[in-house]
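Q: Got entry39.cif for you, mmCIF, C-alpha atoms:
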data_structure
loop_
_atom_site.label_atom_id
_atom_site.label_comp_id
_atom_site.auth_asym_id
_atom_site.auth_seq_id
_atom_site.Cartn_x
_atom_site.Cartn_y
_atom_site.Cartn_z
CA MET T 143 -156.70 -127.91 -192.56
CA LYS T 144 -156.06 -129.17 -189.07
CA LYS T 145 -158.95 -130.67 -187.13
CA GLU T 146 -159.84 -128.73 -183.96
CA LYS T 147 -159.84 -131.63 -181.51
CA ILE T 148 -158.42 -135.08 -181.94
CA ASN T 149 -160.17 -137.67 -179.77
CA ILE T 150 -158.09 -140.52 -178.43
CA LEU T 151 -159.22 -143.39 -176.22
CA ALA T 152 -156.61 -145.17 -174.09
CA VAL T 153 -157.56 -148.62 -172.79
CA ASP T 154 -155.45 -150.39 -170.17
CA ASP T 155 -156.08 -152.18 -166.88
CA ASP T 156 -152.82 -150.76 -165.46
CA LYS T 157 -154.06 -147.59 -163.75
CA GLU T 158 -150.58 -146.06 -163.33
CA PHE T 159 -149.76 -146.52 -167.02
CA LEU T 160 -153.18 -145.20 -168.01
CA THR T 161 -152.63 -142.06 -165.90
CA LEU T 162 -149.20 -141.53 -167.47
CA LEU T 163 -150.61 -142.03 -170.96
CA HIS T 164 -153.47 -139.62 -170.24
CA ASP T 165 -151.11 -136.92 -168.97
CA VAL T 166 -148.63 -137.28 -171.84
CA LEU T 167 -151.33 -137.17 -174.52
CA LYS T 168 -153.18 -134.29 -172.84
CA ASP T 169 -149.90 -132.32 -172.84
CA GLU T 170 -149.64 -133.03 -176.58
CA GLY T 171 -153.00 -131.28 -177.05
CA TYR T 172 -155.18 -134.32 -177.66
CA GLU T 173 -158.67 -134.80 -176.24
CA ILE T 174 -158.12 -137.98 -174.21
CA SER T 175 -160.56 -140.44 -172.67
CA VAL T 176 -159.55 -143.52 -170.68
CA ALA T 177 -161.08 -146.91 -170.01
CA GLU T 178 -159.85 -149.52 -167.52
CA SER T 179 -161.88 -152.39 -168.93
CA MET T 180 -163.13 -153.72 -172.24
CA PRO T 181 -166.82 -153.13 -171.43
CA ASP T 182 -166.04 -149.51 -170.49
CA ALA T 183 -164.04 -149.09 -173.71
CA ILE T 184 -166.88 -150.47 -175.85
CA LYS T 185 -169.39 -148.16 -174.16
CA LYS T 186 -167.18 -145.14 -174.87
CA VAL T 187 -166.63 -146.18 -178.49
CA LYS T 188 -170.42 -146.35 -178.92
CA ASP T 189 -170.81 -142.84 -177.43
CA ILE T 190 -167.87 -140.96 -178.98
CA LEU T 191 -166.20 -141.04 -182.39
CA PHE T 192 -162.52 -141.58 -181.61
CA ASP T 193 -159.85 -140.76 -184.17
CA LEU T 194 -157.47 -143.17 -182.46
CA ILE T 195 -157.71 -145.93 -179.88
CA ILE T 196 -154.66 -147.13 -177.97
CA THR T 197 -155.28 -150.43 -176.22
CA ASP T 198 -153.39 -153.00 -174.23
CA LYS T 199 -153.59 -156.41 -175.91
CA ASN T 200 -153.59 -158.47 -172.73
CA MET T 201 -156.61 -157.34 -170.78
CA PRO T 202 -159.19 -159.37 -168.86
CA GLU T 203 -162.06 -160.68 -171.01
CA PRO T 204 -162.67 -160.16 -173.81
CA LYS T 205 -159.18 -160.63 -175.23
CA GLY T 206 -157.46 -158.09 -177.48
CA ALA T 207 -158.58 -159.57 -180.81
CA ASP T 208 -162.21 -159.59 -179.63
CA LEU T 209 -161.95 -155.93 -178.63
CA ILE T 210 -160.41 -155.03 -182.00
CA ASN T 211 -163.25 -156.77 -183.85
CA GLU T 212 -165.86 -155.05 -181.68
CA ILE T 213 -164.27 -151.60 -182.14
CA LYS T 214 -163.97 -152.12 -185.90
CA SER T 215 -167.65 -153.08 -186.15
CA ILE T 216 -168.76 -149.99 -184.17
CA SER T 217 -166.24 -147.46 -185.45
CA PRO T 218 -164.45 -148.69 -188.60
CA ALA T 219 -162.73 -145.33 -189.19
CA SER T 220 -160.93 -145.31 -185.82
CA LYS T 221 -157.23 -146.14 -186.07
CA ILE T 222 -156.01 -148.62 -183.45
CA ILE T 223 -152.58 -148.94 -181.86
CA VAL T 224 -152.07 -152.05 -179.72
CA LEU T 225 -149.59 -152.12 -176.84
CA THR T 226 -148.37 -155.39 -175.36
CA GLY T 227 -145.83 -156.69 -172.91
CA PHE T 228 -146.03 -160.11 -174.57
CA GLY T 229 -145.33 -159.46 -178.23
CA ASP T 230 -144.70 -162.23 -180.72
CA VAL T 231 -144.85 -162.52 -184.49
CA GLU T 232 -148.00 -164.65 -184.49
CA SER T 233 -150.07 -162.17 -182.45
CA TYR T 234 -148.60 -159.25 -184.43
CA LEU T 235 -149.75 -160.82 -187.71
CA GLU T 236 -153.17 -161.72 -186.27
CA LEU T 237 -153.79 -158.14 -185.11
CA MET T 238 -152.45 -156.56 -188.30
CA ASN T 239 -154.85 -158.78 -190.27
CA LEU T 240 -157.68 -157.40 -188.12
CA GLY T 241 -156.83 -153.94 -189.39
CA ILE T 242 -154.90 -152.28 -186.56
CA TYR T 243 -152.61 -149.40 -187.45
CA ASP T 244 -149.60 -150.48 -185.40
CA TYR T 245 -148.38 -152.74 -182.60
CA LEU T 246 -145.85 -151.58 -179.99
CA ASN T 247 -144.13 -153.56 -177.26
CA LYS T 248 -144.25 -152.49 -173.61
CA PRO T 249 -142.53 -150.88 -171.95
CA VAL T 250 -143.29 -148.36 -174.66
CA LYS T 251 -141.13 -145.28 -175.06
CA MET T 252 -143.42 -142.25 -174.99
CA SER T 253 -141.36 -140.61 -177.75
CA GLU T 254 -141.94 -143.65 -179.99
CA LEU T 255 -145.65 -143.68 -179.13
CA LYS T 256 -146.00 -139.95 -179.94
CA ILE T 257 -144.40 -140.49 -183.38
CA THR T 258 -146.66 -143.48 -184.06
CA ILE T 259 -149.72 -141.44 -183.04
CA ARG T 260 -148.75 -138.57 -185.36
CA ARG T 261 -148.20 -141.02 -188.23
CA ALA T 262 -151.53 -142.74 -187.58
CA LEU T 263 -153.33 -139.40 -187.59
CA ASN T 264 -151.35 -138.07 -190.57
CA LEU T 265 -150.03 -135.19 -188.47
CA GLN T 266 -146.35 -135.45 -189.38
CA ASN T 267 -146.51 -132.04 -191.06
CA ALA T 268 -148.65 -130.42 -188.36
CA ALA T 269 -147.14 -127.57 -186.38
#
Represent the structure from my file as structure tokens, please.

A:
Amino acid sequence: MKKEKINILAVDDDKEFLTLLHDVLKDEGYEISVAESMPDAIKKVKDILFDLIITDKNMPEPKGADLINEIKSISPASKIIVLTGFGDVESYLELMNLGIYDYLNKPVKMSELKITIRRALNLQNAA
């Protein structure tokens, strides 16, 4: 049985990218919220149960790993996809050990992100 609304939070300090992400995910039928800062993201995670959180790794304080830990402590069931323009094996392993679902390099292809989102939400067989 398919869930009525899937809540996704997108976190990025790049307003243009955040707007693009919002529009693409809204067109896919997701319920999308956005946050331009870590404190805003944490507040939203405390207020809403998100199925999925997509966050930029390299944001102003706190850093990506701190945000992941905070999100996991508030909402352990939320899947997390991390986007970064500065990917390396060490940070990939660190974030995977924190329990993220996936890690994608920027510039991210929206088609790749959509597939990753469907996999994370177990929607590959959804119509």

Q: Check which residues of range 202-242 of chain T sit at most 10 Å from range 145-168 of chain T using only C-alpha atoms, and return one row each with the closest pair of atoms and their distance in Å to one decimal, ordered by chain and rising number, as CSV.

A:
residue,atom,partner,partner_atom,distance
T:Pro202,CA,T:Asp155,CA,8.1
T:Ser220,CA,T:Ile150,CA,9.3
T:Lys221,CA,T:Ile150,CA,9.5
T:Ile222,CA,T:Leu151,CA,9.5
T:Ile223,CA,T:Ala152,CA,9.5
T:Val224,CA,T:Val153,CA,9.5
T:Leu225,CA,T:Asp154,CA,9.0

Q: What does the structure give for the distance between CA of Gly241 in chain T and CA of Lys214 in chain T, in Å to one decimal?

A: 8.2 Å

Q: Counting all atoms listed in the file, which residue out of T:Asp169, T:Lys248, T:Phe192, T:Val231 sits closest to Leu263 in chain T?

A: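 Answer, going by the shortest atom-to-atom distance: T:Phe192.
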
Q: Interatomic distance between CA of Asp230 in chain T and CA of Ile184 in chain T?

A: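 That distance, rounded to one decimal, is 25.6 Å.
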
Q: Quick one: of T:Asp193, T:Asp208, T:Glu173, T:Asp198, who's nearest to Asn264 in chain T, counting all atoms listed in the file?

A: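 Of T:Asp193, T:Asp208, T:Glu173, T:Asp198, the one nearest Asn264 in chain T, counting all atoms listed in the file, is T:Asp193.
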
Q: Pick out the closest residue to Ile259 in chain T from this set: T:Val187, T:Ala177, T:Leu246, T:Leu240. Count only C-alpha atoms.

A: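 That would be T:Leu246, the residue with the smallest distance to Ile259 in chain T.
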
Q: Once the PyMOL selection byres ((chain T and resi 236) around 12) is applied to the coordinates I shared, what remains selected? I want it as a PyMOL selection string.

A: chain T and resi 199+206-208+210-211+224+229-235+237-242+244-245

Q: Measure the distance from CA of Glu178 in chain T to CA of Ala219 in chain T in Å and round it to one decimal.

A: 22.3 Å

Q: Around all of range 212-223 of chain T's listed atoms, make the axis-aligned box with 5 Å on each side and tell me centre and edge lengths in Å to one decimal, as AutoDock Vina command-line options.

A:
--center_x -160.7 --center_y -150.2 --center_z -185.4 --size_x 26.2 --size_y 19.7 --size_z 17.5

Q: Once you've located chain T in the structure I gave, write it as a PDB file, in the first residue's frame, keeping C-alpha atoms.

A:
ATOM      1  CA  MET T 143       0.000   0.000   0.000  1.00  0.00           C
ATOM      2  CA  LYS T 144       1.425   3.334  -1.041  1.00  0.00           C
ATOM      3  CA  LYS T 145       1.696   6.076   1.560  1.00  0.00           C
ATOM      4  CA  GLU T 146      -0.425   9.147   0.782  1.00  0.00           C
ATOM      5  CA  LYS T 147       2.252  11.803   1.204  1.00  0.00           C
ATOM      6  CA  ILE T 148       5.987  11.382   1.348  1.00  0.00           C
ATOM      7  CA  ASN T 149       7.696  14.178   3.282  1.00  0.00           C
ATOM      8  CA  ILE T 150      11.142  15.236   2.141  1.00  0.00           C
ATOM      9  CA  LEU T 151      13.353  17.939   3.630  1.00  0.00           C
ATOM     10  CA  ALA T 152      16.006  19.522   1.399  1.00  0.00           C
ATOM     11  CA  VAL T 153      18.830  21.357   3.183  1.00  0.00           C
ATOM     12  CA  ASP T 154      21.281  23.533   1.266  1.00  0.00           C
ATOM     13  CA  ASP T 155      22.701  27.041   1.608  1.00  0.00           C
ATOM     14  CA  ASP T 156      22.663  27.450  -2.195  1.00  0.00           C
ATOM     15  CA  LYS T 157      19.264  29.092  -2.744  1.00  0.00           C
ATOM     16  CA  GLU T 158      19.200  28.471  -6.509  1.00  0.00           C
ATOM     17  CA  PHE T 159      19.930  24.764  -6.080  1.00  0.00           C
ATOM     18  CA  LEU T 160      17.382  24.528  -3.269  1.00  0.00           C
ATOM     19  CA  THR T 161      14.712  26.097  -5.493  1.00  0.00           C
ATOM     20  CA  LEU T 162      15.542  23.680  -8.322  1.00  0.00           C
ATOM     21  CA  LEU T 163      15.446  20.721  -5.943  1.00  0.00           C
ATOM     22  CA  HIS T 164      12.124  21.888  -4.495  1.00  0.00           C
ATOM     23  CA  ASP T 165      10.546  22.246  -7.943  1.00  0.00           C
ATOM     24  CA  VAL T 166      11.836  18.899  -9.236  1.00  0.00           C
ATOM     25  CA  LEU T 167      10.674  16.980  -6.165  1.00  0.00           C
ATOM     26  CA  LYS T 168       7.306  18.767  -6.043  1.00  0.00           C
ATOM     27  CA  ASP T 169       6.766  17.751  -9.696  1.00  0.00           C
ATOM     28  CA  GLU T 170       7.504  14.152  -8.651  1.00  0.00           C
ATOM     29  CA  GLY T 171       4.596  14.361  -6.198  1.00  0.00           C
ATOM     30  CA  TYR T 172       6.547  14.625  -2.961  1.00  0.00           C
ATOM     31  CA  GLU T 173       5.645  16.909  -0.068  1.00  0.00           C
ATOM     32  CA  ILE T 174       8.795  19.049   0.082  1.00  0.00           C
ATOM     33  CA  SER T 175      10.129  21.394   2.758  1.00  0.00           C
ATOM     34  CA  VAL T 176      13.357  23.365   2.477  1.00  0.00           C
ATOM     35  CA  ALA T 177      15.901  24.741   4.925  1.00  0.00           C
ATOM     36  CA  GLU T 178      18.787  27.093   4.136  1.00  0.00           C
ATOM     37  CA  SER T 179      20.646  26.535   7.393  1.00  0.00           C
ATOM     38  CA  MET T 180      21.377  23.788   9.883  1.00  0.00           C
ATOM     39  CA  PRO T 181      19.406  25.426  12.724  1.00  0.00           C
ATOM     40  CA  ASP T 182      16.377  25.772  10.424  1.00  0.00           C
ATOM     41  CA  ALA T 183      16.751  22.137   9.360  1.00  0.00           C
ATOM     42  CA  ILE T 184      16.920  20.920  12.972  1.00  0.00           C
ATOM     43  CA  LYS T 185      13.825  22.937  13.884  1.00  0.00           C
ATOM     44  CA  LYS T 186      11.892  21.397  10.984  1.00  0.00           C
ATOM     45  CA  VAL T 187      13.050  17.876  11.861  1.00  0.00           C
ATOM     46  CA  LYS T 188      11.739  18.427  15.401  1.00  0.00           C
ATOM     47  CA  ASP T 189       8.353  19.605  14.030  1.00  0.00           C
ATOM     48  CA  ILE T 190       7.755  17.187  11.134  1.00  0.00           C
ATOM     49  CA  LEU T 191       8.464  13.492  10.607  1.00  0.00           C
ATOM     50  CA  PHE T 192      10.392  13.381   7.325  1.00  0.00           C
ATOM     51  CA  ASP T 193      10.663  10.170   5.342  1.00  0.00           C
ATOM     52  CA  LEU T 194      13.810  11.472   3.670  1.00  0.00           C
ATOM     53  CA  ILE T 195      16.274  14.290   4.216  1.00  0.00           C
ATOM     54  CA  ILE T 196      18.564  15.490   1.442  1.00  0.00           C
ATOM     55  CA  THR T 197      21.371  17.671   2.761  1.00  0.00           C
ATOM     56  CA  ASP T 198      24.474  19.378   1.506  1.00  0.00           C
ATOM     57  CA  LYS T 199      27.537  18.153   3.403  1.00  0.00           C
ATOM     58  CA  ASN T 200      29.448  21.430   3.328  1.00  0.00           C
ATOM     59  CA  MET T 201      27.245  23.944   5.062  1.00  0.00           C
ATOM     60  CA  PRO T 202      28.125  26.634   7.591  1.00  0.00           C
ATOM     61  CA  GLU T 203      28.214  25.417  11.203  1.00  0.00           C
ATOM     62  CA  PRO T 204      27.488  22.819  12.305  1.00  0.00           C
ATOM     63  CA  LYS T 205      29.267  20.627   9.765  1.00  0.00           C
ATOM     64  CA  GLY T 206      27.589  17.775   7.894  1.00  0.00           C
ATOM     65  CA  ALA T 207      28.504  14.996  10.336  1.00  0.00           C
ATOM     66  CA  ASP T 208      27.120  17.038  13.247  1.00  0.00           C
ATOM     67  CA  LEU T 209      23.846  17.564  11.382  1.00  0.00           C
ATOM     68  CA  ILE T 210      23.604  13.845  10.581  1.00  0.00           C
ATOM     69  CA  ASN T 211      24.105  12.948  14.250  1.00  0.00           C
ATOM     70  CA  GLU T 212      21.515  15.516  15.342  1.00  0.00           C
ATOM     71  CA  ILE T 213      18.947  14.325  12.771  1.00  0.00           C
ATOM     72  CA  LYS T 214      19.531  10.677  13.705  1.00  0.00           C
ATOM     73  CA  SER T 215      18.997  11.458  17.397  1.00  0.00           C
ATOM     74  CA  ILE T 216      15.719  13.320  16.697  1.00  0.00           C
ATOM     75  CA  SER T 217      14.360  11.208  13.862  1.00  0.00           C
ATOM     76  CA  PRO T 218      16.171   7.850  13.578  1.00  0.00           C
ATOM     77  CA  ALA T 219      13.739   6.520  10.954  1.00  0.00           C
ATOM     78  CA  SER T 220      14.431   9.315   8.438  1.00  0.00           C
ATOM     79  CA  LYS T 221      16.626   8.236   5.532  1.00  0.00           C
ATOM     80  CA  ILE T 222      19.394  10.700   4.678  1.00  0.00           C
ATOM     81  CA  ILE T 223      21.024  11.410   1.324  1.00  0.00           C
ATOM     82  CA  VAL T 224      24.095  13.662   1.450  1.00  0.00           C
ATOM     83  CA  LEU T 225      25.128  15.825  -1.500  1.00  0.00           C
ATOM     84  CA  THR T 226      28.617  17.277  -1.753  1.00  0.00           C
ATOM     85  CA  GLY T 227      30.809  19.139  -4.181  1.00  0.00           C
ATOM     86  CA  PHE T 228      33.875  17.936  -2.280  1.00  0.00           C
ATOM     87  CA  GLY T 229      33.545  14.168  -2.159  1.00  0.00           C
ATOM     88  CA  ASP T 230      36.333  11.899  -1.018  1.00  0.00           C
ATOM     89  CA  VAL T 231      36.526   8.332   0.235  1.00  0.00           C
ATOM     90  CA  GLU T 232      37.267   9.334   3.833  1.00  0.00           C
ATOM     91  CA  SER T 233      34.189  11.558   4.194  1.00  0.00           C
ATOM     92  CA  TYR T 234      32.057   8.990   2.333  1.00  0.00           C
ATOM     93  CA  LEU T 235      33.051   6.282   4.822  1.00  0.00           C
ATOM     94  CA  GLU T 236      32.564   8.604   7.804  1.00  0.00           C
ATOM     95  CA  LEU T 237      29.031   9.520   6.705  1.00  0.00           C
ATOM     96  CA  MET T 238      28.082   5.951   5.779  1.00  0.00           C
ATOM     97  CA  ASN T 239      29.192   4.879   9.267  1.00  0.00           C
ATOM     98  CA  LEU T 240      26.831   7.511  10.694  1.00  0.00           C
ATOM     99  CA  GLY T 241      23.961   5.722   8.989  1.00  0.00           C
ATOM    100  CA  ILE T 242      23.192   7.799   5.897  1.00  0.00           C
ATOM    101  CA  TYR T 243      21.422   6.083   3.020  1.00  0.00           C
ATOM    102  CA  ASP T 244      23.591   7.416   0.199  1.00  0.00           C
ATOM    103  CA  TYR T 245      26.153  10.037  -0.791  1.00  0.00           C
ATOM    104  CA  LEU T 246      26.071  11.802  -4.171  1.00  0.00           C
ATOM    105  CA  ASN T 247      28.567  14.211  -5.695  1.00  0.00           C
ATOM    106  CA  LYS T 248      27.549  17.643  -6.960  1.00  0.00           C
ATOM    107  CA  PRO T 249      26.733  18.655  -9.537  1.00  0.00           C
ATOM    108  CA  VAL T 250      24.111  15.976  -9.078  1.00  0.00           C
ATOM    109  CA  LYS T 251      22.107  14.745 -12.041  1.00  0.00           C
ATOM    110  CA  MET T 252      18.422  15.071 -11.163  1.00  0.00           C
ATOM    111  CA  SER T 253      17.698  11.730 -12.861  1.00  0.00           C
ATOM    112  CA  GLU T 254      20.270  10.029 -10.601  1.00  0.00           C
ATOM    113  CA  LEU T 255      18.861  11.781  -7.529  1.00  0.00           C
ATOM    114  CA  LYS T 256      15.289  10.711  -8.395  1.00  0.00           C
ATOM    115  CA  ILE T 257      16.398   7.062  -8.688  1.00  0.00           C
ATOM    116  CA  THR T 258      18.274   7.272  -5.382  1.00  0.00           C
ATOM    117  CA  ILE T 259      15.215   8.800  -3.701  1.00  0.00           C
ATOM    118  CA  ARG T 260      12.930   6.039  -5.018  1.00  0.00           C
ATOM    119  CA  ARG T 261      15.401   3.383  -3.816  1.00  0.00           C
ATOM    120  CA  ALA T 262      15.694   5.017  -0.387  1.00  0.00           C
ATOM    121  CA  LEU T 263      11.915   5.109  -0.040  1.00  0.00           C
ATOM    122  CA  ASN T 264      11.446   1.622  -1.489  1.00  0.00           C
ATOM    123  CA  LEU T 265       9.313   3.022  -4.301  1.00  0.00           C
ATOM    124  CA  GLN T 266      10.969   1.247  -7.228  1.00  0.00           C
ATOM    125  CA  ASN T 267       7.760  -0.675  -7.905  1.00  0.00           C
ATOM    126  CA  ALA T 268       5.444   2.294  -7.339  1.00  0.00           C
ATOM    127  CA  ALA T 269       3.409   3.534 -10.281  1.00  0.00           C
TER     128      ALA T 269
END
